[in-house]
Structures are given as C-alpha cells and as structure tokens.
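To be precise, the following lines are structure_30.cif, and they hold mmCIF, C-alpha atoms.
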data_target
#
loop_
_atom_site.group_PDB
_atom_site.id
_atom_site.type_symbol
_atom_site.label_atom_id
_atom_site.label_comp_id
_atom_site.auth_asym_id
_atom_site.auth_seq_id
_atom_site.Cartn_x
_atom_site.Cartn_y
_atom_site.Cartn_z
ATOM 1 C CA MET Z 415 -9.479 -7.046 -40.062
ATOM 2 C CA LEU Z 416 -10.038 -9.361 -37.084
ATOM 3 C CA ALA Z 417 -6.461 -10.556 -37.467
ATOM 4 C CA ASP Z 418 -5.245 -6.940 -37.189
ATOM 5 C CA TRP Z 419 -6.932 -6.521 -33.805
ATOM 6 C CA LEU Z 420 -5.705 -9.890 -32.544
ATOM 7 C CA LEU Z 421 -2.124 -9.042 -33.497
ATOM 8 C CA VAL Z 422 -2.276 -5.754 -31.566
ATOM 9 C CA LEU Z 423 -3.841 -7.484 -28.537
ATOM 10 C CA LEU Z 424 -1.211 -10.226 -28.639
ATOM 11 C CA GLY Z 425 1.600 -7.681 -28.794
ATOM 12 C CA GLY Z 426 0.116 -5.792 -25.844
ATOM 13 C CA LEU Z 427 -0.374 -9.044 -23.931
ATOM 14 C CA VAL Z 428 3.397 -9.575 -24.031
ATOM 15 C CA GLY Z 429 4.710 -5.989 -24.004
ATOM 16 C CA ALA Z 430 3.015 -4.810 -20.806
ATOM 17 C CA PRO Z 431 4.199 -7.684 -18.549
ATOM 18 C CA VAL Z 432 7.730 -7.378 -19.960
ATOM 19 C CA ARG Z 433 7.700 -3.728 -18.819
ATOM 20 C CA TYR Z 434 6.269 -4.682 -15.414
ATOM 21 C CA LEU Z 435 8.774 -7.497 -14.850
ATOM 22 C CA THR Z 436 11.631 -5.236 -15.934
ATOM 23 C CA GLY Z 437 10.552 -2.828 -13.203
ATOM 24 C CA VAL Z 438 10.312 -5.607 -10.596
ATOM 25 C CA ALA Z 439 13.698 -7.052 -11.566
ATOM 26 C CA VAL Z 440 15.379 -3.645 -11.405
ATOM 27 C CA LYS Z 441 13.723 -2.717 -8.084
ATOM 28 C CA SER Z 442 14.883 -5.931 -6.439
ATOM 29 C CA ARG Z 443 18.484 -5.196 -7.432
ATOM 30 C CA VAL Z 444 18.884 -1.419 -7.516
ATOM 31 C CA HIS Z 445 17.784 0.475 -4.435
ATOM 32 C CA SER Z 446 17.225 3.897 -5.864
ATOM 33 C CA PRO Z 447 14.181 6.157 -6.163
ATOM 34 C CA PHE Z 448 15.136 6.651 -9.813
ATOM 35 C CA PRO Z 449 12.731 4.587 -11.976
ATOM 36 C CA TYR Z 450 15.357 2.719 -13.990
ATOM 37 C CA GLY Z 451 12.863 -0.022 -14.906
ATOM 38 C CA THR Z 452 10.445 2.229 -16.796
ATOM 39 C CA LEU Z 453 13.369 4.104 -18.335
ATOM 40 C CA ALA Z 454 14.836 0.828 -19.609
ATOM 41 C CA ALA Z 455 11.487 -0.373 -20.989
ATOM 42 C CA ASN Z 456 10.789 2.963 -22.703
ATOM 43 C CA ALA Z 457 14.317 3.196 -24.119
ATOM 44 C CA ALA Z 458 14.229 -0.353 -25.471
ATOM 45 C CA ALA Z 459 10.806 0.206 -27.053
ATOM 46 C CA CYS Z 460 11.955 3.463 -28.723
ATOM 47 C CA LEU Z 461 15.010 1.745 -30.205
ATOM 48 C CA LEU Z 462 12.986 -1.245 -31.408
ATOM 49 C CA LEU Z 463 10.120 0.801 -32.854
ATOM 50 C CA GLY Z 464 12.544 3.088 -34.727
ATOM 51 C CA PHE Z 465 14.048 -0.037 -36.246
ATOM 52 C CA LEU Z 466 10.671 -1.627 -37.051
ATOM 53 C CA SER Z 467 9.176 1.544 -38.585
ATOM 54 C CA GLU Z 468 12.132 2.028 -40.889
ATOM 55 C CA ALA Z 469 12.223 -1.688 -41.748
ATOM 56 C CA ALA Z 470 8.511 -1.524 -42.643
ATOM 57 C CA LEU Z 471 9.066 1.610 -44.733
ATOM 58 C CA ARG Z 472 11.736 -0.267 -46.683
ATOM 59 C CA GLY Z 473 9.531 -3.287 -47.182
ATOM 60 C CA HIS Z 474 11.427 -5.604 -44.825
ATOM 61 C CA LEU Z 475 8.449 -5.880 -42.481
ATOM 62 C CA GLY Z 476 4.801 -6.279 -43.463
ATOM 63 C CA ALA Z 477 1.756 -4.518 -42.057
ATOM 64 C CA HIS Z 478 0.896 -7.484 -39.833
ATOM 65 C CA GLY Z 479 4.394 -7.617 -38.368
ATOM 66 C CA LEU Z 480 4.256 -3.909 -37.609
ATOM 67 C CA LEU Z 481 0.875 -4.270 -35.871
ATOM 68 C CA LEU Z 482 2.129 -7.142 -33.688
ATOM 69 C CA LEU Z 483 5.592 -5.818 -32.853
ATOM 70 C CA GLY Z 484 5.153 -2.052 -33.251
ATOM 71 C CA THR Z 485 1.594 -1.064 -32.299
ATOM 72 C CA GLY Z 486 1.142 -3.980 -29.902
ATOM 73 C CA PHE Z 487 4.467 -4.951 -28.333
ATOM 74 C CA CYS Z 488 6.458 -1.681 -28.437
ATOM 75 C CA GLY Z 489 3.332 0.348 -27.691
ATOM 76 C CA ALA Z 490 2.618 -1.619 -24.521
ATOM 77 C CA LEU Z 491 6.285 -2.058 -23.540
ATOM 78 C CA SER Z 492 6.584 1.725 -23.449
ATOM 79 C CA THR Z 493 4.373 4.011 -21.408
ATOM 80 C CA TRP Z 494 3.601 7.662 -20.816
ATOM 81 C CA SER Z 495 1.119 7.189 -17.971
ATOM 82 C CA THR Z 496 3.371 5.291 -15.555
ATOM 83 C CA PHE Z 497 6.284 7.481 -16.625
ATOM 84 C CA SER Z 498 4.497 10.774 -15.930
ATOM 85 C CA TYR Z 499 3.152 9.421 -12.627
ATOM 86 C CA GLU Z 500 6.720 8.584 -11.592
ATOM 87 C CA VAL Z 501 7.843 12.092 -12.585
ATOM 88 C CA PHE Z 502 5.017 13.477 -10.447
ATOM 89 C CA THR Z 503 5.783 11.177 -7.499
ATOM 90 C CA LEU Z 504 9.480 12.109 -7.531
ATOM 91 C CA ALA Z 505 8.669 15.833 -7.678
ATOM 92 C CA SER Z 506 6.052 15.584 -4.943
ATOM 93 C CA THR Z 507 8.478 13.780 -2.629
ATOM 94 C CA ARG Z 508 10.866 16.733 -3.024
ATOM 95 C CA ARG Z 509 13.147 15.023 -5.481
ATOM 96 C CA VAL Z 510 12.508 17.783 -8.005
ATOM 97 C CA ALA Z 511 15.945 17.698 -9.645
ATOM 98 C CA LEU Z 512 15.788 13.921 -10.011
ATOM 99 C CA SER Z 513 12.284 14.261 -11.448
ATOM 100 C CA GLY Z 514 13.482 16.775 -14.049
ATOM 101 C CA LEU Z 515 16.489 14.618 -14.855
ATOM 102 C CA TYR Z 516 14.271 11.554 -15.325
ATOM 103 C CA LEU Z 517 11.989 13.497 -17.671
ATOM 104 C CA ALA Z 518 14.826 14.990 -19.722
ATOM 105 C CA VAL Z 519 16.828 11.755 -19.983
ATOM 106 C CA SER Z 520 13.738 9.755 -21.007
ATOM 107 C CA VAL Z 521 12.698 12.177 -23.749
ATOM 108 C CA LEU Z 522 16.201 12.788 -25.110
ATOM 109 C CA ALA Z 523 17.371 9.173 -24.925
ATOM 110 C CA GLY Z 524 14.069 7.878 -26.328
ATOM 111 C CA THR Z 525 14.232 10.219 -29.316
ATOM 112 C CA ALA Z 526 17.918 9.500 -29.940
ATOM 113 C CA LEU Z 527 17.296 5.745 -29.740
ATOM 114 C CA SER Z 528 14.414 6.031 -32.199
ATOM 115 C CA PHE Z 529 16.832 7.582 -34.700
ATOM 116 C CA ALA Z 530 19.447 4.944 -33.862
ATOM 117 C CA GLY Z 531 17.001 2.093 -34.471
ATOM 118 C CA ALA Z 532 15.891 3.628 -37.756
ATOM 119 C CA GLY Z 533 19.538 4.105 -38.710
ATOM 120 C CA VAL Z 534 20.264 0.415 -38.171
ATOM 121 C CA ALA Z 535 17.257 -0.576 -40.293
ATOM 122 C CA GLY Z 536 18.343 1.926 -42.938
ATOM 123 C CA ALA Z 537 21.756 0.282 -43.130
ATOM 124 C CA LEU Z 538 20.172 -3.091 -43.917
ATOM 125 C CA ARG Z 539 20.012 -4.050 -47.534
ATOM 126 C CA MET B 597 12.966 -12.490 -6.623
ATOM 127 C CA THR B 598 14.852 -11.665 -3.459
ATOM 128 C CA ASN B 599 13.161 -12.175 -0.132
ATOM 129 C CA PRO B 600 11.720 -8.795 0.834
ATOM 130 C CA TYR B 601 12.060 -9.594 4.535
ATOM 131 C CA LEU B 602 15.831 -9.713 4.154
ATOM 132 C CA ASP B 603 15.827 -6.382 2.443
ATOM 133 C CA PRO B 604 15.568 -3.378 4.774
ATOM 134 C CA ALA B 605 15.315 -0.899 1.879
ATOM 135 C CA HIS B 606 11.811 -2.092 1.116
ATOM 136 C CA HIS B 607 10.573 -1.571 4.619
ATOM 137 C CA ARG B 608 11.939 1.822 5.414
ATOM 138 C CA ALA B 609 9.122 4.337 5.905
ATOM 139 C CA ARG B 610 6.434 1.710 5.485
ATOM 140 C CA PRO B 611 3.824 1.368 8.203
ATOM 141 C CA PRO B 612 3.604 -2.025 9.932
ATOM 142 C CA GLY B 613 0.974 -4.347 8.525
ATOM 143 C CA HIS B 614 1.531 -3.133 4.996
ATOM 144 C CA ALA B 615 3.610 -5.949 3.599
ATOM 145 C CA HIS B 616 5.268 -4.948 0.382
ATOM 146 C CA SER B 617 3.716 -7.908 -1.375
ATOM 147 C CA GLU B 618 4.930 -6.776 -4.790
ATOM 148 C CA HIS B 619 8.166 -8.577 -4.092
ATOM 149 C CA ALA B 620 6.750 -11.600 -2.308
ATOM 150 C CA PRO B 621 7.754 -14.801 -4.081
ATOM 151 C CA GLY B 622 4.971 -16.987 -5.437
ATOM 152 C CA ARG B 623 2.412 -14.191 -5.660
ATOM 153 C CA GLN B 624 3.684 -12.631 -8.808
ATOM 154 C CA LEU B 625 1.735 -14.688 -11.361
ATOM 155 C CA PRO B 626 -1.754 -13.196 -10.819
ATOM 156 C CA VAL B 627 -0.246 -9.713 -10.994
ATOM 157 C CA VAL B 628 1.623 -10.505 -14.214
ATOM 158 C CA ALA B 629 -1.572 -11.983 -15.679
ATOM 159 C CA ALA B 630 -3.507 -8.834 -14.747
ATOM 160 C CA VAL B 631 -0.831 -6.607 -16.300
ATOM 161 C CA ALA B 632 -0.887 -8.739 -19.473
ATOM 162 C CA ALA B 633 -4.684 -8.659 -19.793
ATOM 163 C CA GLY B 634 -4.785 -4.927 -19.132
ATOM 164 C CA GLY B 635 -1.914 -4.311 -21.535
ATOM 165 C CA ALA B 636 -3.650 -6.218 -24.345
ATOM 166 C CA LEU B 637 -6.858 -4.223 -23.886
ATOM 167 C CA GLY B 638 -4.979 -0.939 -23.551
ATOM 168 C CA ALA B 639 -3.024 -1.544 -26.760
ATOM 169 C CA GLY B 640 -6.288 -2.537 -28.472
ATOM 170 C CA ALA B 641 -7.998 0.647 -27.300
ATOM 171 C CA ARG B 642 -5.106 2.740 -28.632
ATOM 172 C CA TYR B 643 -5.308 0.904 -31.957
ATOM 173 C CA GLY B 644 -9.026 1.701 -32.050
ATOM 174 C CA VAL B 645 -8.257 5.405 -31.599
ATOM 175 C CA GLU B 646 -5.664 5.225 -34.382
ATOM 176 C CA ARG B 647 -8.178 3.565 -36.733
ATOM 177 C CA LEU B 648 -10.965 6.035 -35.964
ATOM 178 C CA TRP B 649 -8.631 9.046 -36.139
ATOM 179 C CA PRO B 650 -5.961 8.346 -38.757
ATOM 180 C CA THR B 651 -3.161 10.824 -39.468
ATOM 181 C CA ALA B 652 -0.716 10.733 -42.344
ATOM 182 C CA GLY B 653 2.546 12.267 -43.430
ATOM 183 C CA THR B 654 3.755 15.245 -41.437
ATOM 184 C CA ALA B 655 0.350 16.104 -39.936
ATOM 185 C CA PHE B 656 0.424 16.869 -36.214
ATOM 186 C CA PRO B 657 0.014 13.502 -34.405
ATOM 187 C CA TRP B 658 -3.059 14.499 -32.387
ATOM 188 C CA PRO B 659 -4.347 10.940 -31.758
ATOM 189 C CA ILE B 660 -1.192 9.768 -29.924
ATOM 190 C CA LEU B 661 -0.968 13.084 -28.051
ATOM 191 C CA ALA B 662 -4.598 12.697 -26.952
ATOM 192 C CA VAL B 663 -4.110 9.047 -25.964
ATOM 193 C CA ASN B 664 -1.055 9.916 -23.864
ATOM 194 C CA ALA B 665 -2.629 12.973 -22.205
ATOM 195 C CA VAL B 666 -5.861 11.138 -21.346
ATOM 196 C CA GLY B 667 -3.925 8.105 -20.098
ATOM 197 C CA CYS B 668 -1.839 10.292 -17.776
ATOM 198 C CA LEU B 669 -4.933 12.076 -16.436
ATOM 199 C CA VAL B 670 -6.670 8.791 -15.658
ATOM 200 C CA MET B 671 -3.484 7.320 -14.132
ATOM 201 C CA GLY B 672 -3.190 10.238 -11.707
ATOM 202 C CA ALA B 673 -6.818 9.869 -10.670
ATOM 203 C CA LEU B 674 -6.706 6.059 -10.516
ATOM 204 C CA MET B 675 -3.633 5.794 -8.294
ATOM 205 C CA THR B 676 -5.012 8.454 -5.941
ATOM 206 C CA VAL B 677 -8.445 6.806 -5.635
ATOM 207 C CA LEU B 678 -6.940 3.328 -5.163
ATOM 208 C CA ALA B 679 -4.583 4.545 -2.438
ATOM 209 C CA ALA B 680 -7.324 6.470 -0.630
ATOM 210 C CA ARG B 681 -10.339 4.208 -0.992
ATOM 211 C CA PHE B 682 -9.205 0.732 -2.016
ATOM 212 C CA PRO B 683 -5.797 0.126 -0.403
ATOM 213 C CA ARG B 684 -6.483 -3.618 -0.124
ATOM 214 C CA HIS B 685 -7.151 -3.887 -3.850
ATOM 215 C CA LYS B 686 -4.492 -1.436 -4.924
ATOM 216 C CA ARG B 687 -2.013 -4.077 -6.038
ATOM 217 C CA MET B 688 -4.304 -6.060 -8.353
ATOM 218 C CA ALA B 689 -6.438 -3.142 -9.548
ATOM 219 C CA GLY B 690 -3.317 -1.062 -10.119
ATOM 220 C CA ALA B 691 -1.779 -3.930 -12.110
ATOM 221 C CA LEU B 692 -4.855 -4.465 -14.290
ATOM 222 C CA LEU B 693 -6.000 -0.872 -14.820
ATOM 223 C CA GLY B 694 -2.842 1.179 -14.223
ATOM 224 C CA THR B 695 0.313 -0.719 -15.187
ATOM 225 C CA GLY B 696 -1.644 -2.907 -17.624
ATOM 226 C CA PHE B 697 -4.439 -0.979 -19.320
ATOM 227 C CA LEU B 698 -3.180 2.617 -19.035
ATOM 228 C CA GLY B 699 0.436 1.521 -19.478
ATOM 229 C CA GLY B 700 -0.501 -0.340 -22.665
ATOM 230 C CA PHE B 701 -2.852 2.411 -23.852
ATOM 231 C CA THR B 702 -0.238 5.172 -23.584
ATOM 232 C CA THR B 703 2.962 4.820 -25.529
ATOM 233 C CA PHE B 704 6.365 6.425 -25.293
ATOM 234 C CA SER B 705 7.814 4.666 -28.328
ATOM 235 C CA HIS B 706 5.151 5.965 -30.723
ATOM 236 C CA TYR B 707 5.714 9.426 -29.294
ATOM 237 C CA THR B 708 9.438 9.385 -30.121
ATOM 238 C CA ASP B 709 8.702 7.655 -33.432
ATOM 239 C CA ASN B 710 6.300 10.458 -34.369
ATOM 240 C CA VAL B 711 8.994 13.029 -33.514
ATOM 241 C CA ARG B 712 11.499 11.170 -35.687
ATOM 242 C CA GLU B 713 9.099 10.933 -38.625
ATOM 243 C CA LEU B 714 8.276 14.646 -38.403
ATOM 244 C CA VAL B 715 11.999 15.507 -38.374
ATOM 245 C CA ARG B 716 12.531 13.190 -41.321
ATOM 246 C CA GLY B 717 9.762 14.968 -43.216
ATOM 247 C CA ASP B 718 11.512 18.306 -42.513
ATOM 248 C CA ALA B 719 8.585 19.406 -40.314
ATOM 249 C CA TYR B 720 10.929 20.697 -37.594
ATOM 250 C CA GLY B 721 8.464 23.153 -36.107
ATOM 251 C CA THR B 722 5.746 20.506 -35.835
ATOM 252 C CA ALA B 723 8.272 18.058 -34.341
ATOM 253 C CA ALA B 724 9.370 20.539 -31.657
ATOM 254 C CA ALA B 725 5.792 21.575 -30.884
ATOM 255 C CA TYR B 726 4.668 17.928 -30.610
ATOM 256 C CA LEU B 727 7.668 16.987 -28.454
ATOM 257 C CA LEU B 728 7.044 19.783 -25.949
ATOM 258 C CA LEU B 729 3.253 19.785 -26.068
ATOM 259 C CA THR B 730 3.165 16.057 -25.226
ATOM 260 C CA VAL B 731 5.387 16.623 -22.176
ATOM 261 C CA ALA B 732 3.205 19.542 -21.053
ATOM 262 C CA ALA B 733 -0.080 17.695 -21.650
ATOM 263 C CA ALA B 734 1.121 14.505 -19.933
ATOM 264 C CA LEU B 735 2.379 16.317 -16.831
ATOM 265 C CA ALA B 736 -0.655 18.580 -16.672
ATOM 266 C CA GLY B 737 -2.836 15.490 -17.080
ATOM 267 C CA VAL B 738 -1.271 13.541 -14.223
ATOM 268 C CA VAL B 739 -1.326 16.557 -11.876
ATOM 269 C CA LEU B 740 -4.929 17.368 -12.776
ATOM 270 C CA GLY B 741 -5.907 13.715 -12.287
ATOM 271 C CA VAL B 742 -4.280 13.508 -8.855
ATOM 272 C CA PHE B 743 -5.732 16.783 -7.563
ATOM 273 C CA ALA B 744 -9.200 16.211 -9.025
ATOM 274 C CA ALA B 745 -9.271 12.783 -7.376
ATOM 275 C CA ARG B 746 -7.999 14.199 -4.076
ATOM 276 C CA ALA B 747 -10.773 16.793 -4.181
ATOM 277 C CA ALA B 748 -13.338 14.093 -4.959
ATOM 278 C CA VAL B 749 -12.305 11.459 -2.410
ATOM 279 C CA GLY B 750 -10.986 13.847 0.193
ATOM 280 C CA VAL B 751 -7.366 12.782 0.446
ATOM 281 C CA PRO B 752 -5.318 15.117 2.657
ATOM 282 C CA ALA B 753 -2.798 17.020 0.546
ATOM 283 C CA HIS B 754 0.141 15.763 2.633
ATOM 284 C CA GLN B 755 -0.705 12.119 1.929
ATOM 285 C CA GLU B 756 1.388 11.104 -1.021
ATOM 286 C CA ALA B 757 0.153 8.432 -3.356
ATOM 287 C CA SER B 758 2.854 6.041 -4.418
ATOM 288 C CA GLY B 759 3.558 2.715 -5.959
ATOM 289 C CA ALA B 760 2.648 3.114 -9.629
ATOM 290 C CA ARG B 761 4.869 1.286 -11.996
#
Let me see the structure of the file written as structure tokens.
Amino acid sequence: MLADWLLVLLGGLVGAPVRYLTGVAVKSRVHSPFPYGTLAANAAACLLLGFLSEAALRGHLGAHGLLLLGTGFCGALSTWSTFSYEVFTLASTRRVALSGLYLAVSVLAGTALSFAGAGVAGALR
Amino acid sequence: MTNPYLDPAHHRARPPGHAHSEHAPGRQLPVVAAVAAGGALGAGARYGVERLWPTAGTAFPWPILAVNAVGCLVMGALMTVLAARFPRHKRMAGALLGTGFLGGFTTFSHYTDNVRELVRGDAYGTAAAYLLLTVAAALAGVVLGVFAARAAVGVPAHQEASGAR
C-alpha cells in the first residue's frame, strides 16, 4: 500500500523533469514557436505506456512495475495541461493553423504510438 | 545549455530587464528540483483520484478525463495569475505548480492508452466520444481558466500570458 504510493511518486519525480529538460534542450536548439519538446515527451510517453500496458496484460510486468513506470513515469512525462496551454498560447498569438496542427498531430501521433507500443509488447513471447 | 546572450531569438520581443533566465547556465538545478517535486506530487494526486474512483473494462474513463480537464483549467488560471501578479516568482512557481504539479497530475499517455483499450474492447463509440470530449474539455478548461483569472486579477485582454512549458 505505502509502496504503491512511493512507486508512483518516484516515477513522477523522474518523469516530470525529463519532460521539462526535453523542452529546454529542444528550445535551445530549435528556434520555432512549435512546441516540439512537449510533443516529443508526450509521444514518447504514449509509445512507452502502450508497451508497458500490454506487457503487464501479458504478465511480463507486475503491478509494481506498472505503477512506477506507467502511472508514475509515463503519467508525469506526458501532460495535458502544458499541452493545452501551448495550444491556447499559439492560437492567441494568431498562430491558429499551427495551434490546430499541434493539437491534431499530438492526438493522432499519441494514439498511433500507443497502438505501436502495445503491438511491440504483443509480439514479445 | 547555450548562452542566451549569444542567441538573438530569445530576446526578440522581450522587454529590457526581463532576462530569459530559463536558459541561463548554472540556474537550472533549482528549477529542475521544483519540477521534480511538483511532478511527484501531481502523479501522486492523480493516483489518489484513480484509487478513489476506479473504472474497469470498457467503462467511460471519467477519472482521467476529469483529471485532465481540471488540470487544464487550473493551468490557465495559474499562468495568468503568475504573469499578472507574481512576475518575479513566475519561473519557480510555474516550475513547481505548473510544469511540475499540473504537468504530472494531467497525463497524455493515459489518455491515449484509454482510447486504445476502448478500441481493443470494441467500444468504438466510447473511444471516439472520449477522444473528442477530452480535447473539448481540456481546451474549454484552459480558456475558462485564463479568462476567469483575467477577470479576477484584471489583466488587460491584449496582454498575452506566455512561458508555460
């Protein structure tokens, strides 16, 4: 019980700064209003969580592993709040098309990557 | 980290005296620590919601939808209030509460994972409704948060909040 909470906290403790540092690293290299950093963090988390969920379903990953890596790490690596605020900021600075593109690409790529990750785990024996 | 003072892109359209300290070397560690602490607590809060409000099978994933919508609402309000009232504390408070706590509380990966599991369970209608309703609730949340906060703290409509990550 206590271990469950600690595993989630530990995963979040790592996942959130990885997302932040991804954003900083991308911003220092790519000078674009497009939020590639959040997109990369969200996409990576969708791929990984698809893999982990399917691996857990098939008994390759236990409940504790899923709490640490899935609920904690992937949950904190990915974000809706920063993402939607970026969509809003782009739209409110008159980059409406870019805002819509960011939204559509994030949702479609995230969903596709979730299936891809699950597919990889499903191919494992 | 590149030196921000060598990088004109970071200074375009920024008023003098507002150093873009996000990219300043040597000052990153406290921000990363704040993001980590906030992220741990945010993930823990989301886990608490999931434990108190469990869903199973192909039921509509209301808990994650609610977490994401509420997180977006609070993010919109938080960034607006920080920019208007606490510009000096925006970087650290934004890191702890915004990028950290709200970023860790809300989750994009569990959203797409829920969609995938609904599709897998042949609940196509629920999957489509959840996919679109989350987008609508998140965007409505952030807009409502920003405008409610602007109304409360009196930010002129032309003043754009920025800088969330």
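For the choices B:Val711, B:Ala655, B:Leu735, B:Ala744, the atom-to-atom distance to Z:Gly464 is smallest for B:Val711 when using all atoms listed in the file.
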| said: Residues of chain B were defined as contacting chain Z if any atom lay at most 7 Å from it, counting only C-alpha atoms; please report them as an MDAnalysis selection string. | reply: chainID B and resid 597:598 605 628 631:633 635:637 639:640 664 667:668 671:672 695:696 698:706 708:709 712 734:735 738 758 760:761
| Atomic separation - atom CA of Z:Val444 relative to atom CA of B:Ala679, Å |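 Spanning atom CA of B:Ala679 to atom CA of Z:Val444 is a straight-line distance of 24.7 Å.
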| query | Written as a list in words, what is the full residue list that the PyMOL selection byres ((chain B and resi 645-649) around 9) yields on the file shown? | reply | Gly640, Ala641, Arg642, Tyr643, Gly644, Pro650, Thr651, Trp658, Pro659, Ile660 and Val663 of chain B
| Can you list, as a PyMOL selection string, every protein, DNA or RNA residue that comes within 12 Å of B:Phe656 when you count only C-alpha atoms, leaving out same-chain residues fewer than 2 positions away? | chain B and resi 649-654+658-662+707+710-711+713-715+717+719-727+729-730
| query | Between atom CA of B:Ala665 and atom CA of B:Ala736, what is the spacing in Å? | reply |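 Computing the Euclidean distance for atom CA of B:Ala736 and atom CA of B:Ala665 yields 8.1 Å.
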| Hey, which of Z:Leu480, Z:Met415, Z:Val440, Z:Leu453 ends up closest to Z:Leu515? Count all atoms listed in the file. |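 Residue with the minimum atom-to-atom distance to Z:Leu515: Z:Leu453.
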With all atoms of stretch 439-444 of chain Z from the file as input, state the centre and edge lengths in Å to one decimal of the axis-aligned box that has 3 Å extra on each side, as AutoDock Vina command-line options.
--center_x 16.3 --center_y -4.2 --center_z -9.0 --size_x 11.2 --size_y 11.6 --size_z 11.1
| message | Here's the selection I'm unsure about, the PyMOL selection byres ((chain B and resi 690) around 9); applied to the file above, which residues does it give, as a PyMOL selection string? | response | chain B and resi 631+674-675+678+685-689+691-696+759-761
| What is the atom CA of Z:Leu471 to atom CA of Z:Gly533 distance in Å? |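 That distance, rounded to one decimal, is 12.3 Å.
The residue that comes closest to B:Val742, out of B:Ala673, B:Leu728, B:Arg681, B:Asp718 and on the basis of all atoms listed in the file, is B:Ala673.
Note on the selection: in this file the PyMOL selection byres ((chain B and resi 748) around 12) comes out as Ala673, Leu674, Thr676, Val677, Ala680, Arg681, Leu740, Gly741, Val742, Phe743, Ala744, Ala745, Arg746, Ala747, Val749, Gly750, Val751 and Pro752 of chain B.
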| said: Using only C-alpha atoms for the distances, tell me which of Z:Arg509, Z:His474, Z:Tyr516, Z:Thr436 is nearest to Z:Gly536. | reply: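 Ranked by minimum distance to Z:Gly536, first place goes to Z:His474.
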